[in-house]
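Colleague: Got final.txt for you, compact mmCIF, C-alpha atoms and all ligand atoms:
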```txt
# COMPACT_ATOMS: atom_id res chain seq x y z
CA MET N 24 82.10 75.06 128.39
CA ILE N 25 80.28 72.71 126.03
CA GLU N 26 82.65 69.92 125.08
CA SER N 27 82.76 69.38 121.32
CA PRO N 28 82.93 65.72 120.27
CA ALA N 29 85.76 66.55 117.88
CA VAL N 30 88.66 64.13 117.46
CA PRO N 31 91.80 65.71 118.96
CA SER N 32 94.02 67.57 116.52
CA THR N 33 97.79 67.13 116.48
CA LEU N 34 100.53 69.60 115.63
CA GLU N 35 104.26 68.98 115.63
CA VAL N 36 107.16 70.95 117.03
CA ALA N 37 109.78 70.04 114.42
CA LEU N 38 113.16 69.76 116.14
CA GLY N 39 114.77 66.78 114.40
CA ASP N 40 115.14 63.80 116.71
CA ARG N 41 113.70 65.90 119.57
CA SER N 42 110.47 66.64 117.65
CA TYR N 43 107.28 66.16 119.64
CA PRO N 44 103.51 66.27 119.20
CA ILE N 45 101.01 68.72 120.66
CA HIS N 46 97.66 66.95 121.00
CA ILE N 47 94.66 69.28 121.44
CA GLY N 48 91.11 68.23 122.33
CA PRO N 49 88.60 67.59 125.09
CA GLY N 50 88.99 64.60 127.40
CA LEU N 51 92.69 63.80 126.73
CA LEU N 52 93.51 63.78 130.44
CA GLY N 53 91.45 60.74 131.26
CA ASP N 54 92.56 58.73 128.23
CA PRO N 55 95.98 57.08 128.77
CA GLN N 56 96.52 56.40 125.06
CA TRP N 57 97.79 60.00 124.69
CA LEU N 58 100.35 59.75 127.49
CA ALA N 59 101.57 56.14 127.30
CA PRO N 60 103.70 56.44 124.11
CA HIS N 61 105.74 59.25 125.68
CA LEU N 62 106.84 57.52 128.89
CA ALA N 63 110.57 56.75 128.90
CA GLY N 64 110.31 53.78 131.28
CA ARG N 65 108.17 52.44 134.13
CA GLN N 66 108.87 55.21 136.67
CA VAL N 67 106.45 58.15 136.44
CA MET N 68 106.17 61.16 138.73
CA VAL N 69 103.19 63.50 138.30
CA VAL N 70 103.85 66.94 139.76
CA THR N 71 100.96 69.35 140.27
CA ASN N 72 99.76 71.92 142.81
CA GLU N 73 97.18 72.02 145.57
CA THR N 74 94.56 73.75 143.39
CA VAL N 75 94.85 71.47 140.36
CA ALA N 76 95.31 68.20 142.29
CA PRO N 77 91.71 67.87 143.52
CA LEU N 78 90.42 68.73 140.05
CA TYR N 79 92.51 66.58 137.74
CA LEU N 80 95.17 64.44 139.45
CA GLU N 81 93.07 61.33 139.90
CA LYS N 82 91.64 61.65 136.39
CA LEU N 83 95.18 61.62 135.00
CA THR N 84 96.58 58.79 137.11
CA GLN N 85 93.61 56.42 137.24
CA GLY N 86 93.95 55.24 133.66
CA LEU N 87 97.70 54.58 133.80
CA ALA N 88 98.80 50.96 133.38
CA ASP N 89 99.15 48.85 136.55
CA ASP N 90 102.76 47.93 135.81
CA LEU N 91 103.91 51.54 136.07
CA GLU N 92 105.45 52.88 139.28
CA VAL N 93 103.45 56.10 139.63
CA ARG N 94 104.28 58.71 142.32
CA THR N 95 102.62 62.08 142.80
CA LEU N 96 103.91 65.32 144.29
CA VAL N 97 101.59 68.21 145.15
CA LEU N 98 103.29 71.59 145.55
CA PRO N 99 101.80 74.83 146.91
CA ASP N 100 100.10 77.12 144.38
CA GLY N 101 101.24 80.48 143.01
CA GLU N 102 103.91 82.39 141.11
CA ALA N 103 105.73 83.04 144.41
CA THR N 104 106.46 79.28 144.60
CA LYS N 105 108.38 79.32 141.29
CA THR N 106 111.68 79.05 143.13
CA LEU N 107 114.71 76.81 143.28
CA ALA N 108 113.56 75.66 146.75
CA HIS N 109 110.42 74.11 145.22
CA VAL N 110 112.39 72.53 142.38
CA GLU N 111 114.57 70.96 145.07
CA ARG N 112 111.44 69.39 146.53
CA ILE N 113 110.89 67.67 143.18
CA TRP N 114 114.49 66.39 143.12
CA ASP N 115 114.14 65.23 146.75
CA ALA N 116 110.98 63.28 145.90
CA LEU N 117 112.63 61.68 142.86
CA LEU N 118 115.66 60.62 144.88
CA ALA N 119 113.57 59.39 147.79
CA ALA N 120 111.59 57.22 145.36
CA GLY N 121 114.82 55.89 143.81
CA PHE N 122 113.91 57.15 140.34
CA ASN N 123 116.54 56.59 137.66
CA ARG N 124 117.42 58.17 134.31
CA ARG N 125 114.54 56.42 132.56
CA CYS N 126 111.88 58.09 134.69
CA THR N 127 109.32 60.53 133.26
CA LEU N 128 108.05 63.68 134.97
CA ILE N 129 104.53 64.86 134.16
CA ALA N 130 103.75 68.55 134.68
CA LEU N 131 100.03 68.85 135.43
CA GLY N 132 98.96 72.47 135.83
CA GLY N 133 99.66 76.01 134.66
CA GLY N 134 102.86 77.67 133.52
CA VAL N 135 104.33 77.81 137.03
CA THR N 136 104.14 74.02 137.37
CA GLY N 137 105.30 73.43 133.78
CA ASP N 138 108.31 75.74 134.07
CA MET N 139 109.43 74.19 137.39
CA VAL N 140 108.88 70.57 136.39
CA GLY N 141 110.66 71.12 133.07
CA PHE N 142 113.64 72.59 134.89
CA ALA N 143 113.64 69.75 137.41
CA ALA N 144 113.64 67.29 134.48
CA ALA N 145 116.44 69.16 132.70
CA CYS N 146 118.76 68.80 135.70
CA TYR N 147 117.77 65.51 137.34
CA GLN N 148 120.58 63.05 136.64
CA ARG N 149 121.62 65.45 133.83
CA GLY N 150 118.28 65.26 132.06
CA VAL N 151 115.20 63.01 132.06
CA ALA N 152 111.99 62.86 130.04
CA PHE N 153 109.00 65.07 130.80
CA VAL N 154 105.51 65.61 129.43
CA GLN N 155 103.51 68.83 129.65
CA VAL N 156 99.82 68.56 130.56
CA PRO N 157 98.87 72.26 130.71
CA THR N 158 95.58 73.20 132.38
CA THR N 159 95.50 77.01 132.04
CA LEU N 160 94.89 78.82 128.77
CA LEU N 161 98.24 80.58 129.15
CA ALA N 162 100.09 77.30 129.52
CA GLN N 163 98.13 75.68 126.68
CA VAL N 164 98.94 78.43 124.18
CA ASP N 165 102.44 79.33 125.27
CA SER N 166 104.45 78.03 128.21
CA SER N 167 104.01 74.27 127.61
CA VAL N 168 105.42 74.53 124.09
CA GLY N 169 109.02 75.32 123.25
CA GLY N 170 111.13 74.04 126.14
CA LYS N 171 111.79 77.20 128.14
CA THR N 172 111.98 76.00 131.73
CA GLY N 173 113.12 77.64 134.94
CA VAL N 174 112.41 79.62 138.07
CA ASN N 175 112.34 83.25 139.20
CA HIS N 176 115.07 85.03 141.16
CA PRO N 177 114.18 87.91 143.50
CA ARG N 178 116.17 90.13 141.13
CA GLY N 179 114.46 89.01 137.95
CA LYS N 180 111.79 86.87 136.37
CA ASN N 181 112.82 83.47 134.90
CA MET N 182 116.49 84.28 135.48
CA ILE N 183 117.51 80.71 136.33
CA GLY N 184 116.63 78.02 133.80
CA ALA N 185 117.38 75.81 130.83
CA PHE N 186 116.06 74.96 127.39
CA TRP N 187 114.69 71.42 127.76
CA GLN N 188 112.01 70.14 125.41
CA PRO N 189 109.11 67.95 126.58
CA ARG N 190 108.37 64.57 124.97
CA ALA N 191 104.79 65.68 124.26
CA VAL N 192 102.23 68.35 125.11
CA LEU N 193 98.72 67.08 125.96
CA ILE N 194 96.16 69.89 125.90
CA ASP N 195 92.83 68.82 127.37
CA THR N 196 90.60 71.76 126.43
CA GLY N 197 87.98 70.55 128.93
CA THR N 198 90.17 71.71 131.82
CA LEU N 199 89.40 75.34 130.94
CA ALA N 200 85.89 74.87 132.33
CA THR N 201 87.22 75.28 135.89
CA LEU N 202 89.63 78.13 135.19
CA PRO N 203 88.77 81.42 136.98
CA PRO N 204 87.83 84.24 134.52
CA ARG N 205 90.83 86.35 135.59
CA GLU N 206 93.18 83.48 134.62
CA LEU N 207 91.36 83.04 131.30
CA SER N 208 91.96 86.73 130.53
CA ALA N 209 95.64 86.33 131.42
CA GLY N 210 95.86 83.53 128.86
CA LEU N 211 94.13 85.67 126.25
CA ALA N 212 97.02 88.15 126.53
CA GLU N 213 99.39 85.55 125.07
CA VAL N 214 96.82 84.65 122.38
CA LEU N 215 96.58 88.33 121.35
CA LYS N 216 100.38 88.41 121.28
CA TYR N 217 100.52 85.91 118.40
CA GLY N 218 98.13 88.00 116.31
CA LEU N 219 100.04 91.19 117.08
CA ILE N 220 103.48 89.81 116.23
CA ARG N 221 102.78 87.58 113.25
CA ASP N 222 99.20 87.13 112.07
CA ALA N 223 96.95 90.11 111.28
CA ASP N 224 94.12 87.82 110.08
CA PHE N 225 94.14 85.97 113.42
CA LEU N 226 94.06 89.36 115.17
CA ALA N 227 90.95 90.33 113.19
CA TRP N 228 89.37 86.96 114.05
CA LEU N 229 90.13 87.58 117.74
CA GLU N 230 88.54 91.01 117.54
CA ALA N 231 85.26 89.34 116.60
CA GLU N 232 85.57 86.28 118.83
CA LEU N 233 86.82 87.65 122.17
CA PRO N 234 83.31 87.59 123.71
CA ALA N 235 82.90 83.94 122.64
CA LEU N 236 86.34 83.08 124.02
CA ARG N 237 85.55 84.73 127.35
CA GLY N 238 82.25 82.83 127.37
CA LEU N 239 84.20 79.53 127.03
CA ASP N 240 82.83 78.71 123.58
CA ALA N 241 84.50 75.36 122.85
CA ALA N 242 84.95 75.81 119.09
CA ALA N 243 86.40 79.32 119.47
CA LEU N 244 88.78 78.25 122.23
CA THR N 245 89.97 75.23 120.26
CA HIS N 246 90.70 77.40 117.23
CA ALA N 247 92.53 79.99 119.35
CA ILE N 248 94.66 77.28 120.99
CA GLU N 249 95.42 75.53 117.69
CA ARG N 250 96.40 78.75 115.90
CA SER N 251 98.52 79.95 118.84
CA CYS N 252 100.32 76.59 119.14
CA ALA N 253 100.89 76.44 115.38
CA LEU N 254 102.50 79.90 115.42
CA LYS N 255 104.60 79.05 118.46
CA ALA N 256 105.69 75.69 117.02
CA GLU N 257 106.74 77.41 113.79
CA ILE N 258 108.85 79.99 115.65
CA VAL N 259 110.45 77.44 118.01
CA ALA N 260 111.36 75.16 115.08
CA GLU N 261 113.04 78.12 113.41
CA ASP N 262 114.92 79.38 116.48
CA GLU N 263 114.87 77.00 119.45
CA THR N 264 117.29 78.90 121.69
CA GLU N 265 116.21 82.46 120.88
CA GLN N 266 119.08 83.67 118.77
CA GLY N 267 116.67 85.74 116.66
CA VAL N 268 113.01 85.41 115.74
CA ARG N 269 111.95 83.69 118.99
CA ALA N 270 112.58 86.97 120.82
CA LEU N 271 109.42 88.30 119.11
CA LEU N 272 107.41 86.09 121.49
CA ASN N 273 108.47 88.55 124.18
CA LEU N 274 106.24 91.36 122.93
CA GLY N 275 105.12 93.28 126.02
CA HIS N 276 107.24 91.10 128.30
CA THR N 277 110.07 93.57 128.99
CA PHE N 278 107.59 96.11 130.40
CA GLY N 279 105.48 93.27 131.88
CA HIS N 280 108.34 91.55 133.70
CA ALA N 281 109.26 94.92 135.24
CA ILE N 282 105.71 95.24 136.60
CA GLU N 283 105.70 91.65 137.92
CA ALA N 284 109.11 91.94 139.59
CA HIS N 285 108.40 95.38 141.06
CA GLN N 286 104.98 94.42 142.45
CA GLY N 287 106.19 91.12 143.91
CA TYR N 288 105.55 87.88 142.05
CA GLY N 289 101.90 86.85 142.09
CA HIS N 290 100.27 90.25 142.65
CA TRP N 291 99.86 90.92 138.97
CA LEU N 292 99.26 87.78 136.92
CA HIS N 293 101.92 87.22 134.26
CA GLY N 294 99.33 87.58 131.47
CA GLU N 295 97.96 90.81 132.98
CA ALA N 296 101.43 92.34 133.08
CA VAL N 297 102.05 91.20 129.48
CA GLY N 298 98.72 92.76 128.40
CA THR N 299 99.67 96.16 129.83
CA GLY N 300 103.21 95.69 128.49
CA MET N 301 101.89 95.09 124.96
CA LEU N 302 99.93 98.33 125.14
CA MET N 303 103.09 100.15 126.27
CA ALA N 304 104.99 98.58 123.34
CA ALA N 305 102.24 99.66 120.92
CA GLU N 306 102.31 103.23 122.26
CA LEU N 307 106.11 103.31 121.94
CA SER N 308 105.82 102.00 118.38
CA CYS N 309 103.46 104.92 117.70
CA ARG N 310 105.96 107.41 119.16
CA LEU N 311 108.58 105.96 116.79
CA GLY N 312 106.23 106.62 113.86
CA TRP N 313 105.39 102.98 113.04
CA LEU N 314 101.82 102.60 114.33
CA SER N 315 99.05 105.16 113.87
CA GLU N 316 96.95 106.46 116.78
CA ALA N 317 94.05 104.46 115.34
CA GLU N 318 96.10 101.25 115.43
CA VAL N 319 97.08 101.89 119.05
CA ALA N 320 93.40 102.46 119.85
CA ARG N 321 92.66 99.08 118.26
CA VAL N 322 95.29 97.39 120.46
CA ARG N 323 93.82 99.14 123.54
CA MET N 324 90.33 97.92 122.62
CA LEU N 325 91.56 94.34 122.18
CA ILE N 326 93.32 94.35 125.55
CA GLU N 327 90.26 95.81 127.25
CA ALA N 328 87.95 93.31 125.51
CA ALA N 329 90.17 90.48 126.78
CA GLY N 330 89.55 91.74 130.34
CA LEU N 331 93.14 92.92 130.89
CA PRO N 332 94.39 96.07 132.67
CA LEU N 333 95.11 99.20 130.62
CA THR N 334 97.11 101.02 133.28
CA ALA N 335 100.43 100.51 135.07
CA PRO N 336 100.82 100.48 138.87
CA ALA N 337 100.60 104.00 140.33
CA GLU N 338 103.73 103.63 142.46
CA MET N 339 106.02 102.62 139.56
CA GLY N 340 108.11 105.50 138.29
CA VAL N 341 110.27 105.68 135.15
CA ASP N 342 113.39 104.67 137.10
CA ASP N 343 111.61 101.64 138.59
CA PHE N 344 110.77 100.41 135.10
CA LEU N 345 114.20 101.12 133.65
CA ALA N 346 116.16 99.52 136.50
CA ILE N 347 114.40 96.19 135.99
CA MET N 348 114.24 96.43 132.18
CA ARG N 349 118.05 96.78 132.07
CA LEU N 350 118.32 93.24 133.52
CA ASP N 351 116.21 91.74 130.70
CA LYS N 352 117.69 88.59 129.15
CA LYS N 353 117.26 89.96 125.61
CA ASN N 354 119.68 92.84 126.21
CA LEU N 355 123.09 92.54 124.56
CA ASP N 356 126.18 94.61 125.42
CA SER N 357 124.07 96.73 127.81
CA ARG N 358 121.77 97.88 124.97
CA LEU N 359 118.08 97.66 125.79
CA ARG N 360 116.35 95.45 123.20
CA LEU N 361 112.61 95.84 122.89
CA ILE N 362 110.03 94.01 120.80
CA LEU N 363 108.00 96.64 118.98
CA LEU N 364 105.40 96.72 116.20
CA ARG N 365 106.18 97.97 112.70
CA ALA N 366 102.53 97.24 111.93
CA LEU N 367 99.76 95.14 113.50
CA GLY N 368 100.85 91.56 112.73
CA ASP N 369 104.48 92.54 112.14
CA ALA N 370 106.86 92.73 115.13
CA CYS N 371 110.57 93.53 115.19
CA ILE N 372 113.51 93.54 117.60
CA HIS N 373 114.61 97.11 118.20
CA ASP N 374 117.66 98.30 120.14
CA GLU N 375 117.78 101.92 119.05
CA THR N 376 114.94 103.52 120.98
CA PRO N 377 116.21 106.93 122.11
CA PRO N 378 116.32 106.83 125.94
CA GLN N 379 114.31 110.06 126.19
CA THR N 380 111.53 108.60 123.98
CA LEU N 381 111.31 105.50 126.17
CA ALA N 382 111.33 107.58 129.37
CA ALA N 383 108.63 109.91 127.98
CA LEU N 384 106.43 106.94 127.06
CA ILE N 385 106.73 105.40 130.53
CA GLU N 386 106.14 108.79 132.19
CA ALA N 387 103.00 109.47 130.15
CA PHE N 388 101.51 105.97 130.40
CA PRO N 389 98.33 105.99 132.54
CA ARG N 390 98.60 104.76 136.15
CA ARG N 391 96.08 103.49 138.63
P1 LIG P 401 99.82 79.41 137.09
O1 LIG P 401 100.55 78.21 136.77
O2 LIG P 401 100.11 80.11 138.37
O3 LIG P 401 98.26 79.07 137.00
C1 LIG P 401 97.33 80.08 137.29
C2 LIG P 401 96.34 79.64 138.39
O4 LIG P 401 95.38 78.76 137.83
C3 LIG P 401 96.99 78.90 139.54
O5 LIG P 401 96.35 79.28 140.74
C4 LIG P 401 96.68 77.44 139.22
O6 LIG P 401 96.68 76.61 140.35
C5 LIG P 401 95.29 77.57 138.64
N1 LIG P 401 94.86 76.54 137.71
C6 LIG P 401 95.59 75.87 136.80
N2 LIG P 401 94.80 75.12 136.02
C7 LIG P 401 93.54 75.27 136.49
C8 LIG P 401 92.28 74.78 136.08
N3 LIG P 401 92.13 74.02 135.00
N4 LIG P 401 91.19 75.12 136.80
C9 LIG P 401 91.30 75.96 137.88
N5 LIG P 401 92.47 76.50 138.27
C10 LIG P 401 93.56 76.17 137.59
O7 LIG P 401 100.00 80.54 135.96
P2 LIG P 401 99.93 80.50 134.36
O8 LIG P 401 99.25 81.76 133.97
O9 LIG P 401 99.41 79.22 133.84
O10 LIG P 401 101.47 80.58 133.96
C11 LIG P 401 102.25 81.71 134.29
C12 LIG P 401 103.69 81.28 134.37
O11 LIG P 401 104.10 80.79 133.10
C13 LIG P 401 104.63 82.41 134.72
O12 LIG P 401 105.55 81.96 135.67
C14 LIG P 401 105.34 82.71 133.41
O13 LIG P 401 106.64 83.22 133.60
C15 LIG P 401 105.36 81.37 132.78
N6 LIG P 401 105.49 81.39 131.32
C16 LIG P 401 106.43 80.58 130.78
C17 LIG P 401 106.56 80.53 129.40
C18 LIG P 401 107.54 79.59 128.79
O14 LIG P 401 107.78 79.67 127.58
N7 LIG P 401 108.08 78.66 129.54
C19 LIG P 401 105.74 81.32 128.59
C20 LIG P 401 104.79 82.13 129.19
C21 LIG P 401 104.67 82.16 130.57
N1 LIG P 402 107.15 82.65 125.93
C1 LIG P 402 108.29 83.04 125.18
C2 LIG P 402 109.00 81.92 124.54
O1 LIG P 402 108.65 80.77 124.68
O2 LIG P 402 109.98 82.14 123.87
```
Would you put the structure from the file into structure tokens?
Modeller:
Amino acid sequence: MIESPAVPSTLEVALGDRSYPIHIGPGLLGDPQWLAPHLAGRQVMVVTNETVAPLYLEKLTQGLADDLEVRTLVLPDGEATKTLAHVERIWDALLAAGFNRRCTLIALGGGVTGDMVGFAAACYQRGVAFVQVPTTLLAQVDSSVGGKTGVNHPRGKNMIGAFWQPRAVLIDTGTLATLPPRELSAGLAEVLKYGLIRDADFLAWLEAELPALRGLDAAALTHAIERSCALKAEIVAEDETEQGVRALLNLGHTFGHAIEAHQGYGHWLHGEAVGTGMLMAAELSCRLGWLSEAEVARVRMLIEAAGLPLTAPAEMGVDDFLAIMRLDKKNLDSRLRLILLRALGDACIHDETPPQTLAALIEAFPRR
């Protein structure tokens, strides 16, 4: 990735006295001016994982002021570690270090680290400050913004958690240079999501720019991150705790979470499952008469061009999908609520899908 010399751009998540900035640009990690204003006091704990630590931990900590009490905690890597047991390790480390209510947690890594550290911050001494420093594309465009924090339960994805907003989100676009291509594609699923739910022009731009994005073109990636964060910030400001419009951000997730939970966390990447899930949602929207076959073909082409799977796991039957989908957090009064597409760039919440239509869609969806 060629680093552009551009000055970082800043967006705001407007939540009254809990508003916070999202700074986006290359080189932010090694420049303490972006982090320093968001520290609550002198005690700072940077939490990361064993893959990200050798790449970026020293870069982040070396510039921090000498009068800060900086501790680091390196957790194991992977979605399977997104558990309460690993959050307890964060609390143990904070207590062992004697950290008080004015400490700040820094989440350095992907969405797994960000979700766990945010949840640890939400609960430690009834809530302390935290800053998101996301290093995957998925975390930069989605999970670091908006304050959803938590862990998985063997019975369901992200079932234990809290809304807890960070003090700031620092997106160093340079970190994408070390991201494996499969992880980049997983992040592109969430980028496509924004175009599909709310911005047809962005979707058309993505159609043209996916090869550049997959080739780590700095200008294209920066635009994709900025537009995604702007759309997410707008939605979160409108509906912080998902009483309405925020649910649209779950396009593809109800099908996707079923795949992730059924396959065992970590086998399918979250973004891969969301990619396949968005195609299932598009096909269901077509069965309901909202999307044309040509529009579904366009969605399929976008998902394929992003390097994401177009088929569901061979061993997952209709009942496997439905059993997990019934546990989805969006469901109310035992009605299955799905995010579907009235048109490309226009999503809706729908709880009236006839059960036989849903079952037929799942049955007919290609497997591998
Ligand atoms: P992840 O955190 O597991 O990161 C993916 C992999 O990339 C890991 O192996 C990680 O160690 C590695 N990695 C991170 N940064 C790297 C870098 N710069 N270079 C090389 N390797 C790097 O997964 P993810 O895709 O970032 O996040 C997925 C998680 O986010 C899921 O648990 C999902 O539920 C959650 N999520 C949360 C929200 C939210 O709103 N809170 C939204 C979307 C997804
Ligand atoms: N990723 C979904 C949300 O933040 O609401």
Colleague: Residues of chain N that approach ligand LIG 401 (chain P) to 7 Å or less, counting all atoms listed in the file: could you list each one with the shortest pair of atoms and its distance in Å to one decimal, rows by chain and increasing residue number, as CSV?
Modeller:
```
residue,atom,partner,partner_atom,distance
N:Asn72,CA,P:LIG401,O6,6.1
N:Glu73,CA,P:LIG401,O6,7.0
N:Thr74,CA,P:LIG401,O6,4.7
N:Val75,CA,P:LIG401,O6,5.5
N:Asp100,CA,P:LIG401,O6,5.3
N:Gly101,CA,P:LIG401,O2,4.8
N:Glu102,CA,P:LIG401,O2,5.2
N:Lys105,CA,P:LIG401,O12,6.8
N:Gly132,CA,P:LIG401,C6,4.9
N:Gly133,CA,P:LIG401,O1,3.2
N:Gly134,CA,P:LIG401,O10,3.3
N:Val135,CA,P:LIG401,O1,3.8
N:Thr136,CA,P:LIG401,O1,5.6
N:Asp138,CA,P:LIG401,N7,5.4
N:Thr158,CA,P:LIG401,N2,4.2
N:Thr159,CA,P:LIG401,N2,4.5
N:Leu160,CA,P:LIG401,O9,6.8
N:Leu161,CA,P:LIG401,O9,5.0
N:Ala162,CA,P:LIG401,O9,4.8
N:Asp165,CA,P:LIG401,C19,5.1
N:Ser166,CA,P:LIG401,C17,3.5
N:Ser167,CA,P:LIG401,N7,6.3
N:Val168,CA,P:LIG401,O14,6.6
N:Gly169,CA,P:LIG401,O14,6.3
N:Gly170,CA,P:LIG401,N7,6.5
N:Lys171,CA,P:LIG401,N7,4.2
N:Thr172,CA,P:LIG401,N7,5.2
N:Lys180,CA,P:LIG401,O13,6.9
N:Asn181,CA,P:LIG401,O13,6.3
N:Thr198,CA,P:LIG401,N3,4.4
N:Leu199,CA,P:LIG401,N3,5.1
N:Ala200,CA,P:LIG401,N3,6.8
N:Thr201,CA,P:LIG401,N4,4.1
N:Leu202,CA,P:LIG401,N4,3.8
N:Pro203,CA,P:LIG401,C9,6.1
N:Glu206,CA,P:LIG401,C1,6.0
N:Ala209,CA,P:LIG401,O8,6.4
N:Gly210,CA,P:LIG401,O8,6.4
N:Leu292,CA,P:LIG401,O8,6.7
N:His293,CA,P:LIG401,C11,5.5
N:Gly294,CA,P:LIG401,O8,6.3
```
Colleague: Give me the chain N side of the contact with ligand LIG 402 (chain P), cut-off 12 Å, one line per residue showing its nearest atom pair and distance in Å at one decimal, counting only C-alpha atoms and all ligand atoms, sorted by chain and residue number, as a Markdown table.
Modeller:
```
| residue | atom | partner | partner_atom | distance |
| --- | --- | --- | --- | --- |
| N:Gly134 | CA | P:LIG402 | N1 | 10.0 |
| N:Asp138 | CA | P:LIG402 | O1 | 10.7 |
| N:Leu161 | CA | P:LIG402 | N1 | 9.7 |
| N:Ala162 | CA | P:LIG402 | N1 | 9.6 |
| N:Gln163 | CA | P:LIG402 | N1 | 11.4 |
| N:Val164 | CA | P:LIG402 | N1 | 9.4 |
| N:Asp165 | CA | P:LIG402 | N1 | 5.8 |
| N:Ser166 | CA | P:LIG402 | N1 | 5.8 |
| N:Ser167 | CA | P:LIG402 | O1 | 8.5 |
| N:Val168 | CA | P:LIG402 | O1 | 7.1 |
| N:Gly169 | CA | P:LIG402 | O1 | 5.6 |
| N:Gly170 | CA | P:LIG402 | O1 | 7.3 |
| N:Lys171 | CA | P:LIG402 | O1 | 5.9 |
| N:Thr172 | CA | P:LIG402 | O1 | 9.1 |
| N:Gly173 | CA | P:LIG402 | O1 | 11.6 |
| N:Asn181 | CA | P:LIG402 | N1 | 10.6 |
| N:Ala185 | CA | P:LIG402 | O1 | 11.8 |
| N:Phe186 | CA | P:LIG402 | O1 | 9.8 |
| N:Trp187 | CA | P:LIG402 | O1 | 11.5 |
| N:Gln188 | CA | P:LIG402 | O1 | 11.2 |
| N:Gly210 | CA | P:LIG402 | N1 | 11.7 |
| N:Ala212 | CA | P:LIG402 | N1 | 11.5 |
| N:Glu213 | CA | P:LIG402 | N1 | 8.3 |
| N:Val214 | CA | P:LIG402 | N1 | 11.1 |
| N:Lys216 | CA | P:LIG402 | N1 | 10.0 |
| N:Tyr217 | CA | P:LIG402 | N1 | 10.5 |
| N:Ser251 | CA | P:LIG402 | N1 | 11.5 |
| N:Cys252 | CA | P:LIG402 | O1 | 10.8 |
| N:Leu254 | CA | P:LIG402 | O1 | 11.2 |
| N:Lys255 | CA | P:LIG402 | O1 | 7.6 |
| N:Ala256 | CA | P:LIG402 | O1 | 9.7 |
| N:Glu257 | CA | P:LIG402 | O1 | 11.6 |
| N:Ile258 | CA | P:LIG402 | O2 | 8.6 |
| N:Val259 | CA | P:LIG402 | O2 | 7.5 |
| N:Ala260 | CA | P:LIG402 | O2 | 11.3 |
| N:Glu261 | CA | P:LIG402 | O2 | 11.6 |
| N:Asp262 | CA | P:LIG402 | O2 | 9.3 |
| N:Glu263 | CA | P:LIG402 | O2 | 8.4 |
| N:Thr264 | CA | P:LIG402 | O2 | 8.3 |
| N:Glu265 | CA | P:LIG402 | O2 | 6.9 |
| N:Gln266 | CA | P:LIG402 | O2 | 10.5 |
| N:Gly267 | CA | P:LIG402 | O2 | 10.5 |
| N:Val268 | CA | P:LIG402 | O2 | 9.3 |
| N:Arg269 | CA | P:LIG402 | O2 | 5.5 |
| N:Ala270 | CA | P:LIG402 | O2 | 6.3 |
| N:Leu271 | CA | P:LIG402 | O2 | 7.8 |
| N:Leu272 | CA | P:LIG402 | C1 | 4.9 |
| N:Asn273 | CA | P:LIG402 | C1 | 5.6 |
| N:Leu274 | CA | P:LIG402 | C1 | 8.9 |
| N:Gly275 | CA | P:LIG402 | C1 | 10.8 |
| N:His276 | CA | P:LIG402 | C1 | 8.7 |
| N:Thr277 | CA | P:LIG402 | C1 | 11.3 |
| N:His280 | CA | P:LIG402 | N1 | 11.9 |
| N:His293 | CA | P:LIG402 | N1 | 10.8 |
| N:Gly294 | CA | P:LIG402 | N1 | 10.8 |
| N:Val297 | CA | P:LIG402 | N1 | 10.6 |
| N:Lys352 | CA | P:LIG402 | O2 | 11.4 |
| N:Lys353 | CA | P:LIG402 | O2 | 10.8 |
| N:Ile362 | CA | P:LIG402 | C1 | 11.9 |
```
Colleague: Show which residues sit within 7 Å of Ile113 of chain N, as a PyMOL selection string. Count all atoms listed in the file, and ignore same-chain residues fewer than 4 positions away.
Modeller: chain N and resi 109+117+143
Colleague: Since we have the selection now, will you write its residues out, keeping C-alpha atoms, as a PDB file, keeping the file's coordinate frame?
Modeller:
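Final file, out.pdb:
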```
ATOM      1  CA  HIS N 109     110.420  74.110 145.220  1.00  0.00           C
ATOM      2  CA  LEU N 117     112.630  61.680 142.860  1.00  0.00           C
ATOM      3  CA  ALA N 143     113.640  69.750 137.410  1.00  0.00           C
TER       4      ALA N 143
END
```
Colleague: Would you please work out which residue, of N:Leu361, N:Leu355, N:Ala366, N:Leu107, is nearest to Gly312 of chain N when using only C-alpha atoms?
Modeller: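 Among N:Leu361, N:Leu355, N:Ala366, N:Leu107, it is N:Ala366 that comes nearest to Gly312 of chain N.
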Colleague: Excluding Leu58 of chain N and any residue of its chain fewer than 4 positions from it, enumerate the residues within 10 Å of it, using all atoms listed in the file, and give them as a list in words.
Modeller: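 The residues that qualify are Leu51, Leu52, Gly53, Asp54, Leu62, Leu83, Gly86, Leu87, Ile129, Val154, Gln155, Val156, Arg190, Ala191, Val192 and Leu193 of chain N.
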Colleague: With all atoms listed in the file counted, which protein, DNA or RNA residues have an atom no more than 9 Å from (114.7, 96.6, 119.6) in the file frame? Please answer as a PyMOL selection string.
Modeller: chain N and resi 358-363+371-376
Colleague: Considering only C-alpha atoms, state which residue in the set N:Leu128, N:Ala59, N:Leu207, N:Leu384 is at the smallest distance from Leu239 of chain N.
Modeller: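 Of N:Leu128, N:Ala59, N:Leu207, N:Leu384, the one nearest Leu239 of chain N is N:Leu207, counting only C-alpha atoms.
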Colleague: Go ahead and find all residues with at least one atom no further than 7 Å from (107.2, 103.8, 126.5) in the file's coordinates, using all atoms listed in the file; report them as a PyMOL selection string.
Modeller: chain N and resi 303-304+306-307+380-385
Colleague: For atom CA of Leu302 of chain N and atom CA of Ala370 of chain N, determine how far apart the two atoms are, in Å to one decimal place.
Modeller: 13.4 Å
